[in-house]
Amino acid sequence: LNTLKLNTFETLGIDGKILSAIKDMGFENPMPIQEKAIPELLKNDSDYICLAQTGTGKTAAFGLPLAQLIDFKSPKAQAIVLCPTRELCMQITGDITNFTKNIQGANIVAVYGGASIEGQVNQIRRGAQIIVATPGRMVDIINRKKVDLSEIQWAVLDEADEMLNMGFKEDLDVILSKTSSAKHTWLFSATMAQGVADIARNYMSNAKEISVGKKNQGADNISHIYYVVHARDKYLALKRIADNNPDIYGIIFCRTKIETQTVADHLIKDGYSADCIHGDLSQAQRDSVMKKYRSKTIQMLVATDVAARGIDVDDVTHVINYSLPDEAENYTHRSGRTARAGKSGVSIVIINMKEIGKIRFIERIIGKKFTEAKIPTGKEICEKQLFSLIDKSINTPINEKEIEPYLPKIFGQLEHLSKEDIIKRLISTEFNRFLEYYKNSNDLAGDRSHSASHSGGNFKRMFISLGRLDGVDKGQLLNILCTGADLTSTSIGRIDLMNSYSFFEVDNKDLEKLKAAFDQHDFKGRKIKIEESEKPADEKREKYGDRDDRGGSRGGYGGGGGKREFRKFGGADRKSGGGDRGSYGGGEKREGGGDKGSYGGGAGSRDAGGAGSRRDKFVKGSRPRKKF
Ligand code: AMP
């Protein structure tokens with residue numbers, strides 16, 4: 001019988017001082033990527049491409065070999081690790097510092113934007129063998145001639161696909177061209193996107209490939225689930241998903257800053273433990289939110305793709321795609337935020353009927369199937385909450401000492417009640433909230449037959465004298481309506497954009513507020529006329545002779561794009577897998593196109609203006625009429 005031999009860090013070739021350091025960090029056994037990469041990288045005779053998701057232990061996969069290969073007796077910079085975000089930069093620096101804590105003279109420096117460049121330059125000057133850097137700041141330091149890269153023997157590109165997505169290609173070119181061609185390059189990437197293959201071709205020679213799992217495949221322990229709802233029901237669906245998972249510790253991805261903020265505002269207002277990060281927040285605000293999230297003070301973090309890059313939090317139970325990313329490849333990055341460090345997780349997508357094609361496209365990219373699930377009914381949620389409440393009651397530790405003095409009085413007050421009554425009453429204090437909320441709730445099915453409800457019921461169809469010829473799109477019109485009348489986007493329903501005017505739906509409760517607000521607004525000097533649309537939209541359209549240009553429902557807060565984007569997406573019938581970048585093809589770019597230099601502000605500061613910045617056009621002047 002063969003004895004099964006398991007690898008240890010020792011058998012992989014890791015030495016004593018580093019071994020004792022990682023033991024202190026709780027690393028008992030190597031993770032699969034570490035098992036494969038560590039012995040290879042330690043050979044130090046080739047360039048390597050390692051395909052690994054975040055959360056698989058890839059930092060140690062390159063950090064441990066680096067820590068072992070570097071000559072810490074010399075103060076010279078010998079390795080440079082490039083990564084996409086400030087968060088990740090600090091994380092890697094912290095990890096490698098921990099790996100080398102028992103090695104005298106070891107010095108690892110983090111170089112990223114948004115902090116004093118002088119301080120970082122000083123740290124480099126004092127002698128750092130490993131520089132961990134975001135590309136933009138590294139180029140700044142190179143241009144200032146404040147770093148000597150002549151002895152760099154290893155260049156590590158971490159999350160290379162992310163760096164390319166974020167527009168760092170030129171910076172990477174500069175940095176790699178300034179280092180000796182004798183160095184070894186280790187490229188880590190979740191996907192073998194086209195740009196990654198280009199880098200490998202241009203800057204690496206005879207690179208060997210290491211991968212765990214199939215190329216471009218999402219982690220195995222993630223279940224992918226999608227829910228189809230009508231676009232306007234997305235937020236309600238989100239709440240039900242949260243309610244149905246009382247212990248959720250999740251990240252909710254949105255496409256734009258404004259959508260991120262709006263969803264978070266609603267969740268907070270509706271009593272959920274949530275907050276958001278996006279590029280309009282200062283670094284200090286983002287740090288504070290991240291601190292709350294890490295410490296689990298908040299359960300749900302709403303984030304843009306850009307701001308969420310580098311978020312490295314274990315234990316995330318759910319990733320929720322409130323809106324799908326523009327680039328299908330980004331789905332892998334989003335879902336990779338859950339199921340980290342060997343745990344399992346769920347990646348949920350909330351879509352409308354028109355987006356099912358996108359799911360099929362993503363399935364081809366990740367090489368895994370989604371399961372379609374039904375949004376839980378009110379009854380199911382109530383049941384789930386009830387039993388979660390009972391579980392919590394059973395598992396709540398009792399602080400005997402603190403509660404003891406109050407017990408006689410409490411028992412006195414409850415004396416006349418039976419045990420059953422006491423249980424029912426105590427449970428009801430929490431449970432009634434859910435019962436009340438879901439009392440008359442409908443199923444949130446995504447089929448189009450439900451689509452009439454918005455036009456009737458609580459929503460009023462309105463006419464507005466602004467249209468495409470005024471240079472507005474659906475998203476901008478939504479923004480004008482919300483900003484002008486101080487409403488949130490859930491108060492606005494379907495928008496039909498015409499050339500010289502448009503129709504939209506508004507929640508009846510906000511109708512008067514909207515009308516009053518727009519009595520005082522103009523747009524580029526012209527009065528905005530808003531009135532209730534007496535006739536159904538189609539008749540009105542005929543009357544005004546405008547062509548039918550409805551792009552379907554507005555697809556959520558972001559607005560716009562529905563039909564157009566879908567068609568292009570559908571057209572993207574390319575082969576999946578190897579090298580296909582997996583762009584949906586259509587759709588306006590929502591974020592991430594920011595000024596590269598401004599990356600300094602950290603991950604989020606790269607969010608481009610997007611819908612959020614349109615707010616700026618709403619000028620509250622001293623004139624009686626407000627201008628857009
Ligand atoms: P990474 O993919 O490098 O971000 O790692 C994901 C998480 O796994 C981090 O929290 C690491 O500290 C942890 N980790 C990495 N390697 C090991 C290991 N061999 N044993 C236990 N935890 C690990």
# chains A, B, ... in the order shown; residues from 1 in each chain; ligands from 1

$ closest_atom_pairs --of "chain A" --to "ligand 1" --cutoff "8 Å" --atoms "only C-alpha atoms and all ligand atoms" --output "CSV"
residue,atom,partner,partner_atom_place_in_ligand_line,distance
A:Met25,CA,ligand 1,12 (O),7.5
A:Gly26,CA,ligand 1,21 (C),6.0
A:Phe27,CA,ligand 1,20 (N),3.7
A:Glu28,CA,ligand 1,20 (N),5.5
A:Asn29,CA,ligand 1,19 (N),5.0
A:Pro30,CA,ligand 1,19 (N),4.0
A:Met31,CA,ligand 1,19 (N),4.9
A:Gln34,CA,ligand 1,19 (N),7.3
A:Gln53,CA,ligand 1,2 (O),6.9
A:Thr54,CA,ligand 1,2 (O),4.4
A:Gly55,CA,ligand 1,2 (O),3.3
A:Thr56,CA,ligand 1,2 (O),4.0
A:Gly57,CA,ligand 1,2 (O),3.4
A:Lys58,CA,ligand 1,3 (O),4.2
A:Thr59,CA,ligand 1,3 (O),3.6
A:Ala60,CA,ligand 1,3 (O),5.7
A:Ala61,CA,ligand 1,3 (O),7.5
A:Ile92,CA,ligand 1,3 (O),7.8
A:Asp95,CA,ligand 1,12 (O),7.4
A:Asp312,CA,ligand 1,4 (O),6.4
A:Val313,CA,ligand 1,10 (O),7.4
A:Asp314,CA,ligand 1,10 (O),6.2
A:Arg340,CA,ligand 1,6 (C),6.1
A:Ala341,CA,ligand 1,8 (O),4.4
A:Gly342,CA,ligand 1,8 (O),7.9

$ residues_around --residues "Gly471 (chain A)" --least-positions-apart "6" --cutoff "12 Å" --atoms "only C-alpha atoms" --output "PyMOL selection string"
chain A and resi 477+497-501+523-524+628

$ write_last_selection --atoms "all heavy atoms" --output "PDB file, in the first residue's frame"
ATOM      1  N   LEU A 477     -31.651  61.981 -17.536  1.00  0.00           N
ATOM      2  CA  LEU A 477     -33.010  62.432 -17.233  1.00  0.00           C
ATOM      3  C   LEU A 477     -33.398  61.958 -15.833  1.00  0.00           C
ATOM      4  O   LEU A 477     -33.947  62.719 -15.034  1.00  0.00           O
ATOM      5  CB  LEU A 477     -33.981  61.889 -18.289  1.00  0.00           C
ATOM      6  CG  LEU A 477     -35.406  62.441 -18.199  1.00  0.00           C
ATOM      7  CD1 LEU A 477     -35.416  63.961 -18.283  1.00  0.00           C
ATOM      8  CD2 LEU A 477     -36.273  61.873 -19.312  1.00  0.00           C
ATOM      9  N   LEU A 497     -37.660  57.836 -23.591  1.00  0.00           N
ATOM     10  CA  LEU A 497     -36.976  59.031 -24.088  1.00  0.00           C
ATOM     11  C   LEU A 497     -37.350  59.270 -25.550  1.00  0.00           C
ATOM     12  O   LEU A 497     -37.216  58.384 -26.387  1.00  0.00           O
ATOM     13  CB  LEU A 497     -35.466  58.801 -23.959  1.00  0.00           C
ATOM     14  CG  LEU A 497     -34.567  60.014 -24.102  1.00  0.00           C
ATOM     15  CD1 LEU A 497     -34.749  60.974 -22.945  1.00  0.00           C
ATOM     16  CD2 LEU A 497     -33.100  59.564 -24.173  1.00  0.00           C
ATOM     17  N   MET A 498     -37.835  60.471 -25.849  1.00  0.00           N
ATOM     18  CA  MET A 498     -38.164  60.839 -27.235  1.00  0.00           C
ATOM     19  C   MET A 498     -37.156  61.896 -27.693  1.00  0.00           C
ATOM     20  O   MET A 498     -36.244  62.236 -26.954  1.00  0.00           O
ATOM     21  CB  MET A 498     -39.572  61.434 -27.299  1.00  0.00           C
ATOM     22  CG  MET A 498     -40.615  60.546 -26.693  1.00  0.00           C
ATOM     23  SD  MET A 498     -40.805  59.077 -27.697  1.00  0.00           S
ATOM     24  CE  MET A 498     -41.442  57.951 -26.510  1.00  0.00           C
ATOM     25  N   ASN A 499     -37.385  62.450 -28.874  1.00  0.00           N
ATOM     26  CA  ASN A 499     -36.453  63.473 -29.338  1.00  0.00           C
ATOM     27  C   ASN A 499     -36.597  64.785 -28.578  1.00  0.00           C
ATOM     28  O   ASN A 499     -35.646  65.296 -28.029  1.00  0.00           O
ATOM     29  CB  ASN A 499     -36.633  63.714 -30.831  1.00  0.00           C
ATOM     30  CG  ASN A 499     -35.902  62.639 -31.628  1.00  0.00           C
ATOM     31  OD1 ASN A 499     -34.985  62.000 -31.097  1.00  0.00           O
ATOM     32  ND2 ASN A 499     -36.310  62.404 -32.854  1.00  0.00           N
ATOM     33  N   SER A 500     -37.827  65.320 -28.552  1.00  0.00           N
ATOM     34  CA  SER A 500     -37.957  66.643 -27.950  1.00  0.00           C
ATOM     35  C   SER A 500     -38.679  66.605 -26.607  1.00  0.00           C
ATOM     36  O   SER A 500     -38.845  67.637 -25.972  1.00  0.00           O
ATOM     37  CB  SER A 500     -38.691  67.574 -28.913  1.00  0.00           C
ATOM     38  OG  SER A 500     -39.848  66.924 -29.373  1.00  0.00           O
ATOM     39  N   TYR A 501     -39.133  65.467 -26.184  1.00  0.00           N
ATOM     40  CA  TYR A 501     -39.788  65.334 -24.889  1.00  0.00           C
ATOM     41  C   TYR A 501     -39.663  63.878 -24.461  1.00  0.00           C
ATOM     42  O   TYR A 501     -39.159  63.048 -25.224  1.00  0.00           O
ATOM     43  CB  TYR A 501     -41.273  65.741 -24.977  1.00  0.00           C
ATOM     44  CG  TYR A 501     -42.014  64.946 -26.014  1.00  0.00           C
ATOM     45  CD1 TYR A 501     -42.600  63.732 -25.685  1.00  0.00           C
ATOM     46  CD2 TYR A 501     -42.093  65.390 -27.327  1.00  0.00           C
ATOM     47  CE1 TYR A 501     -43.230  62.971 -26.635  1.00  0.00           C
ATOM     48  CE2 TYR A 501     -42.724  64.627 -28.292  1.00  0.00           C
ATOM     49  CZ  TYR A 501     -43.295  63.417 -27.945  1.00  0.00           C
ATOM     50  OH  TYR A 501     -43.895  62.649 -28.877  1.00  0.00           O
ATOM     51  N   PHE A 523     -33.828  74.433 -17.844  1.00  0.00           N
ATOM     52  CA  PHE A 523     -32.730  73.668 -18.416  1.00  0.00           C
ATOM     53  C   PHE A 523     -32.133  74.504 -19.525  1.00  0.00           C
ATOM     54  O   PHE A 523     -32.825  74.833 -20.498  1.00  0.00           O
ATOM     55  CB  PHE A 523     -33.268  72.345 -18.983  1.00  0.00           C
ATOM     56  CG  PHE A 523     -32.185  71.436 -19.496  1.00  0.00           C
ATOM     57  CD1 PHE A 523     -31.445  70.659 -18.627  1.00  0.00           C
ATOM     58  CD2 PHE A 523     -31.905  71.375 -20.849  1.00  0.00           C
ATOM     59  CE1 PHE A 523     -30.452  69.813 -19.090  1.00  0.00           C
ATOM     60  CE2 PHE A 523     -30.908  70.538 -21.320  1.00  0.00           C
ATOM     61  CZ  PHE A 523     -30.175  69.758 -20.434  1.00  0.00           C
ATOM     62  N   LYS A 524     -30.890  74.898 -19.350  1.00  0.00           N
ATOM     63  CA  LYS A 524     -30.201  75.769 -20.314  1.00  0.00           C
ATOM     64  C   LYS A 524     -31.084  76.956 -20.695  1.00  0.00           C
ATOM     65  O   LYS A 524     -31.260  77.292 -21.866  1.00  0.00           O
ATOM     66  CB  LYS A 524     -29.813  74.974 -21.563  1.00  0.00           C
ATOM     67  CG  LYS A 524     -28.807  73.854 -21.277  1.00  0.00           C
ATOM     68  CD  LYS A 524     -28.500  73.048 -22.513  1.00  0.00           C
ATOM     69  CE  LYS A 524     -27.532  71.925 -22.183  1.00  0.00           C
ATOM     70  NZ  LYS A 524     -27.403  70.920 -23.209  1.00  0.00           N
ATOM     71  N   PHE A 628     -30.213  73.538 -14.746  1.00  0.00           N
ATOM     72  CA  PHE A 628     -29.446  72.298 -14.875  1.00  0.00           C
ATOM     73  C   PHE A 628     -28.252  72.548 -15.748  1.00  0.00           C
ATOM     74  O   PHE A 628     -28.341  73.216 -16.751  1.00  0.00           O
ATOM     75  CB  PHE A 628     -30.312  71.190 -15.479  1.00  0.00           C
ATOM     76  CG  PHE A 628     -31.288  70.675 -14.503  1.00  0.00           C
ATOM     77  CD1 PHE A 628     -32.626  71.019 -14.598  1.00  0.00           C
ATOM     78  CD2 PHE A 628     -30.879  69.887 -13.450  1.00  0.00           C
ATOM     79  CE1 PHE A 628     -33.526  70.538 -13.678  1.00  0.00           C
ATOM     80  CE2 PHE A 628     -31.781  69.409 -12.534  1.00  0.00           C
ATOM     81  CZ  PHE A 628     -33.114  69.743 -12.645  1.00  0.00           C
TER      82      PHE A 628
END

$ atom_distance --atom1 "CA of Ile241 (chain A)" --atom2 "CA of Arg425 (chain A)"
26.4 Å

$ select_by_dssp --residues "region 235-392 of chain A" --states "helix (DSSP H, G or I)" --output "PyMOL selection string"
chain A and resi 235-244+257-269+283-294+305-308+329-335+353-366+378-392

$ residues_around --residues "Leu238 (chain A)" --least-positions-apart "3" --cutoff "12 Å" --atoms "only C-alpha atoms" --output "ChimeraX atom specification"
/A:226-229,231-235,241-245,248,250-254,263-264,266-267,270,272,300,302,318-323,348-351,375-376,444

$ write_last_selection --atoms "N, CA and C atoms" --output "compact mmCIF listing (two decimals), in the first residue's frame"
# COMPACT_ATOMS: atom_id res chain seq x y z
N TYR A 226 -28.73 32.94 -10.36
CA TYR A 226 -29.33 34.19 -10.85
C TYR A 226 -30.83 34.23 -10.58
N TYR A 227 -31.32 35.44 -10.38
CA TYR A 227 -32.74 35.68 -10.17
C TYR A 227 -33.21 36.60 -11.27
N VAL A 228 -34.32 36.28 -11.89
CA VAL A 228 -34.87 37.16 -12.91
C VAL A 228 -36.03 37.94 -12.30
N VAL A 229 -35.91 39.25 -12.31
CA VAL A 229 -37.01 40.10 -11.82
C VAL A 229 -37.20 41.24 -12.81
N ALA A 231 -36.94 44.93 -13.99
CA ALA A 231 -35.89 45.89 -13.64
C ALA A 231 -36.26 46.74 -12.43
N ARG A 232 -37.50 47.17 -12.37
CA ARG A 232 -37.87 48.08 -11.28
C ARG A 232 -37.95 47.36 -9.94
N ASP A 233 -37.97 46.04 -9.96
CA ASP A 233 -38.07 45.28 -8.71
C ASP A 233 -36.72 44.85 -8.16
N LYS A 234 -35.66 45.35 -8.79
CA LYS A 234 -34.33 44.88 -8.37
C LYS A 234 -34.05 45.14 -6.90
N TYR A 235 -34.41 46.34 -6.47
CA TYR A 235 -34.11 46.67 -5.08
C TYR A 235 -34.92 45.79 -4.11
N ILE A 241 -33.43 38.95 -0.77
CA ILE A 241 -32.26 38.07 -0.68
C ILE A 241 -31.58 38.28 0.68
N ALA A 242 -31.46 39.56 1.06
CA ALA A 242 -30.83 39.86 2.35
C ALA A 242 -31.68 39.30 3.49
N ASP A 243 -33.00 39.50 3.40
CA ASP A 243 -33.88 39.01 4.47
C ASP A 243 -33.86 37.48 4.57
N ASN A 244 -33.68 36.86 3.42
CA ASN A 244 -33.70 35.39 3.41
C ASN A 244 -32.37 34.80 3.89
N ASN A 245 -31.37 35.66 4.05
CA ASN A 245 -30.06 35.22 4.54
C ASN A 245 -29.69 36.06 5.75
N ILE A 248 -26.12 37.08 6.42
CA ILE A 248 -25.34 37.47 5.24
C ILE A 248 -24.18 38.39 5.63
N GLY A 250 -22.00 40.26 3.05
CA GLY A 250 -21.90 40.30 1.59
C GLY A 250 -21.34 41.57 0.98
N ILE A 251 -20.99 41.44 -0.29
CA ILE A 251 -20.59 42.62 -1.08
C ILE A 251 -21.59 42.74 -2.22
N ILE A 252 -22.17 43.93 -2.36
CA ILE A 252 -23.15 44.16 -3.42
C ILE A 252 -22.49 45.04 -4.48
N PHE A 253 -22.39 44.52 -5.68
CA PHE A 253 -21.72 45.29 -6.73
C PHE A 253 -22.72 46.07 -7.58
N CYS A 254 -22.42 47.34 -7.77
CA CYS A 254 -23.21 48.18 -8.67
C CYS A 254 -22.29 48.70 -9.77
N VAL A 263 -28.33 52.66 -3.62
CA VAL A 263 -28.68 51.36 -3.04
C VAL A 263 -28.31 51.34 -1.55
N ALA A 264 -27.13 51.85 -1.24
CA ALA A 264 -26.71 51.85 0.18
C ALA A 264 -27.63 52.75 1.00
N HIS A 266 -30.71 53.47 0.50
CA HIS A 266 -31.99 52.78 0.70
C HIS A 266 -31.87 51.69 1.75
N LEU A 267 -30.80 50.91 1.65
CA LEU A 267 -30.65 49.81 2.61
C LEU A 267 -30.56 50.36 4.03
N ASP A 270 -33.83 51.55 5.17
CA ASP A 270 -34.74 50.44 5.44
C ASP A 270 -34.27 49.55 6.59
N TYR A 272 -31.17 48.17 7.23
CA TYR A 272 -30.15 47.13 7.05
C TYR A 272 -28.80 47.65 7.52
N MET A 300 -23.39 44.43 5.00
CA MET A 300 -23.42 44.51 3.55
C MET A 300 -22.65 45.73 3.07
N VAL A 302 -21.83 47.93 -0.18
CA VAL A 302 -22.23 48.19 -1.56
C VAL A 302 -21.05 48.88 -2.23
N HIS A 318 -21.73 36.11 0.56
CA HIS A 318 -22.45 36.35 -0.69
C HIS A 318 -21.85 37.52 -1.46
N VAL A 319 -21.68 37.32 -2.75
CA VAL A 319 -21.41 38.45 -3.63
C VAL A 319 -22.71 38.65 -4.40
N ILE A 320 -23.23 39.86 -4.39
CA ILE A 320 -24.48 40.09 -5.12
C ILE A 320 -24.21 41.07 -6.26
N ASN A 321 -24.45 40.61 -7.47
CA ASN A 321 -24.31 41.49 -8.63
C ASN A 321 -25.64 42.21 -8.81
N TYR A 322 -25.75 43.37 -8.21
CA TYR A 322 -26.99 44.14 -8.33
C TYR A 322 -27.15 44.58 -9.78
N SER A 323 -26.03 44.94 -10.39
CA SER A 323 -25.99 45.13 -11.84
C SER A 323 -24.80 44.33 -12.32
N ILE A 348 -24.44 35.84 -6.52
CA ILE A 348 -25.83 36.01 -6.98
C ILE A 348 -25.89 37.11 -8.02
N VAL A 349 -26.69 36.90 -9.04
CA VAL A 349 -26.90 37.95 -10.03
C VAL A 349 -28.39 38.26 -10.08
N ILE A 350 -28.72 39.53 -9.99
CA ILE A 350 -30.12 39.94 -10.15
C ILE A 350 -30.24 40.55 -11.54
N ILE A 351 -31.04 39.93 -12.39
CA ILE A 351 -31.14 40.45 -13.75
C ILE A 351 -32.60 40.60 -14.17
N ILE A 375 -36.99 34.21 -6.46
CA ILE A 375 -36.92 35.12 -5.32
C ILE A 375 -37.83 34.57 -4.22
N PRO A 376 -37.31 34.44 -3.01
CA PRO A 376 -38.13 33.85 -1.95
C PRO A 376 -39.42 34.64 -1.72
N LEU A 444 -41.94 38.29 -6.76
CA LEU A 444 -41.22 39.17 -7.67
C LEU A 444 -40.73 38.38 -8.86

$ closest_residue --among "A:Ile124, A:Val212, A:Met462, A:Ala516" --to "Ser533 (chain A)" --atoms "only C-alpha atoms"
A:Met462

$ residues_around --residues "region 125-139 of chain A" --least-positions-apart "5" --cutoff "6 Å" --atoms "only C-alpha atoms" --output "number ranges by chain"
A: 75-84, 107-113, 171

$ write_last_selection --atoms "all heavy atoms" --output "CSV table (one decimal), in the first residue's frame"
chain,number,residue,atom,x,y,z
A,75,PRO,N,21.3,45.9,1.1
A,75,PRO,CA,20.1,46.8,1.3
A,75,PRO,C,19.5,47.1,-0.1
A,75,PRO,O,18.5,47.9,-0.2
A,75,PRO,CB,20.7,48.0,1.9
A,75,PRO,CG,22.2,48.1,1.5
A,75,PRO,CD,22.6,46.6,1.2
A,76,LYS,N,20.1,46.7,-1.2
A,76,LYS,CA,19.6,47.0,-2.5
A,76,LYS,C,18.3,46.5,-2.9
A,76,LYS,O,17.9,45.4,-2.4
A,76,LYS,CB,20.6,46.5,-3.6
A,76,LYS,CG,22.0,47.2,-3.6
A,76,LYS,CD,22.0,48.1,-4.8
A,76,LYS,CE,23.3,48.9,-4.9
A,76,LYS,NZ,23.3,49.9,-5.9
A,77,ALA,N,17.5,47.2,-3.7
A,77,ALA,CA,16.2,46.8,-4.1
A,77,ALA,C,16.4,45.6,-5.1
A,77,ALA,O,17.1,45.7,-6.1
A,77,ALA,CB,15.5,47.9,-4.8
A,78,GLN,N,15.9,44.4,-4.7
A,78,GLN,CA,16.1,43.2,-5.6
A,78,GLN,C,14.8,42.7,-6.2
A,78,GLN,O,14.8,42.0,-7.2
A,78,GLN,CB,16.7,42.1,-4.7
A,78,GLN,CG,18.1,42.5,-4.3
A,78,GLN,CD,18.5,41.7,-3.0
A,78,GLN,OE1,18.5,40.5,-3.0
A,78,GLN,NE2,18.9,42.4,-2.0
A,79,ALA,N,13.7,43.1,-5.6
A,79,ALA,CA,12.4,42.6,-6.2
A,79,ALA,C,11.4,43.8,-6.2
A,79,ALA,O,11.4,44.6,-5.3
A,79,ALA,CB,11.9,41.5,-5.4
A,80,ILE,N,10.6,43.8,-7.2
A,80,ILE,CA,9.5,44.8,-7.3
A,80,ILE,C,8.3,44.0,-7.5
A,80,ILE,O,8.2,43.1,-8.4
A,80,ILE,CB,9.9,45.8,-8.4
A,80,ILE,CG1,8.8,46.9,-8.5
A,80,ILE,CG2,10.0,45.2,-9.8
A,80,ILE,CD1,9.3,48.0,-9.3
A,81,VAL,N,7.3,44.2,-6.7
A,81,VAL,CA,6.0,43.6,-6.9
A,81,VAL,C,5.0,44.7,-7.3
A,81,VAL,O,4.8,45.6,-6.6
A,81,VAL,CB,5.5,42.9,-5.5
A,81,VAL,CG1,4.1,42.3,-5.7
A,81,VAL,CG2,6.5,42.0,-5.0
A,82,LEU,N,4.3,44.5,-8.4
A,82,LEU,CA,3.4,45.5,-8.9
A,82,LEU,C,2.0,44.9,-8.7
A,82,LEU,O,1.7,43.8,-9.1
A,82,LEU,CB,3.6,45.8,-10.4
A,82,LEU,CG,5.0,46.5,-10.6
A,82,LEU,CD1,5.4,46.5,-12.1
A,82,LEU,CD2,5.1,47.9,-10.0
A,83,CYS,N,1.1,45.8,-8.2
A,83,CYS,CA,-0.3,45.3,-8.0
A,83,CYS,C,-1.3,46.5,-8.3
A,83,CYS,O,-0.9,47.6,-8.3
A,83,CYS,CB,-0.5,44.8,-6.6
A,83,CYS,SG,-0.1,46.0,-5.4
A,84,PRO,N,-2.6,46.2,-8.5
A,84,PRO,CA,-3.4,47.2,-9.0
A,84,PRO,C,-3.9,48.3,-7.9
A,84,PRO,O,-4.2,49.4,-8.3
A,84,PRO,CB,-4.7,46.4,-9.5
A,84,PRO,CG,-4.6,45.1,-8.8
A,84,PRO,CD,-3.2,44.8,-8.5
A,107,ASN,N,13.6,44.4,4.7
A,107,ASN,CA,12.8,45.6,4.7
A,107,ASN,C,12.0,45.6,3.4
A,107,ASN,O,12.4,45.6,2.3
A,107,ASN,CB,13.8,46.8,4.6
A,107,ASN,CG,13.2,48.0,5.2
A,107,ASN,OD1,12.1,48.0,5.6
A,107,ASN,ND2,14.0,49.1,5.2
A,108,ILE,N,10.7,45.7,3.7
A,108,ILE,CA,9.7,45.7,2.5
A,108,ILE,C,9.0,47.0,2.5
A,108,ILE,O,8.5,47.4,3.6
A,108,ILE,CB,8.7,44.6,2.7
A,108,ILE,CG1,9.2,43.3,3.4
A,108,ILE,CG2,8.0,44.3,1.4
A,108,ILE,CD1,10.3,42.6,2.8
A,109,VAL,N,9.0,47.7,1.4
A,109,VAL,CA,8.3,49.0,1.4
A,109,VAL,C,7.1,49.0,0.5
A,109,VAL,O,7.1,48.4,-0.6
A,109,VAL,CB,9.3,50.1,1.1
A,109,VAL,CG1,10.0,50.0,-0.3
A,109,VAL,CG2,8.7,51.5,1.1
A,110,ALA,N,6.1,49.7,0.9
A,110,ALA,CA,4.9,49.8,0.1
A,110,ALA,C,4.8,51.2,-0.6
A,110,ALA,O,5.1,52.2,0.1
A,110,ALA,CB,3.6,49.7,1.0
A,111,VAL,N,4.6,51.2,-1.8
A,111,VAL,CA,4.6,52.5,-2.6
A,111,VAL,C,3.3,52.6,-3.3
A,111,VAL,O,3.0,51.8,-4.2
A,111,VAL,CB,5.8,52.4,-3.6
A,111,VAL,CG1,5.7,53.4,-4.7
A,111,VAL,CG2,7.1,52.7,-2.8
A,112,TYR,N,2.5,53.6,-3.0
A,112,TYR,CA,1.2,53.7,-3.6
A,112,TYR,C,0.7,55.1,-3.6
A,112,TYR,O,1.3,56.0,-2.8
A,112,TYR,CB,0.1,52.8,-2.8
A,112,TYR,CG,0.1,53.1,-1.3
A,112,TYR,CD1,-0.5,54.1,-0.8
A,112,TYR,CD2,0.9,52.2,-0.5
A,112,TYR,CE1,-0.5,54.4,0.6
A,112,TYR,CE2,0.9,52.4,0.9
A,112,TYR,CZ,0.2,53.5,1.4
A,112,TYR,OH,0.3,53.8,2.7
A,113,GLY,N,-0.2,55.4,-4.4
A,113,GLY,CA,-0.7,56.8,-4.5
A,113,GLY,C,-1.5,57.2,-3.3
A,113,GLY,O,-2.0,56.4,-2.5
A,171,ASP,N,2.1,52.2,-17.9
A,171,ASP,CA,2.9,52.2,-16.7
A,171,ASP,C,3.7,50.9,-16.5
A,171,ASP,O,4.9,51.0,-16.2
A,171,ASP,CB,2.1,52.5,-15.4
A,171,ASP,CG,1.5,53.9,-15.4
A,171,ASP,OD1,2.0,54.7,-16.1
A,171,ASP,OD2,0.5,54.1,-14.7

$ atom_distance --atom1 "CA of Lys36 (chain A)" --atom2 "CA of Gln68 (chain A)"
16.3 Å

$ residues_around --residues "Lys43 (chain A)" --least-positions-apart "3" --cutoff "10 Å" --atoms "only C-alpha atoms" --output "ChimeraX atom specification"
/A:13,38-40,46,65,69

$ closest_residue --among "A:Met290, A:Leu187, A:Ala307, A:Ile222" --to "Lys368 (chain A)" --atoms "only C-alpha atoms"
A:Ile222

$ atom_distance --atom1 "CA of Thr377 (chain A)" --atom2 "CA of Arg240 (chain A)"
8.1 Å
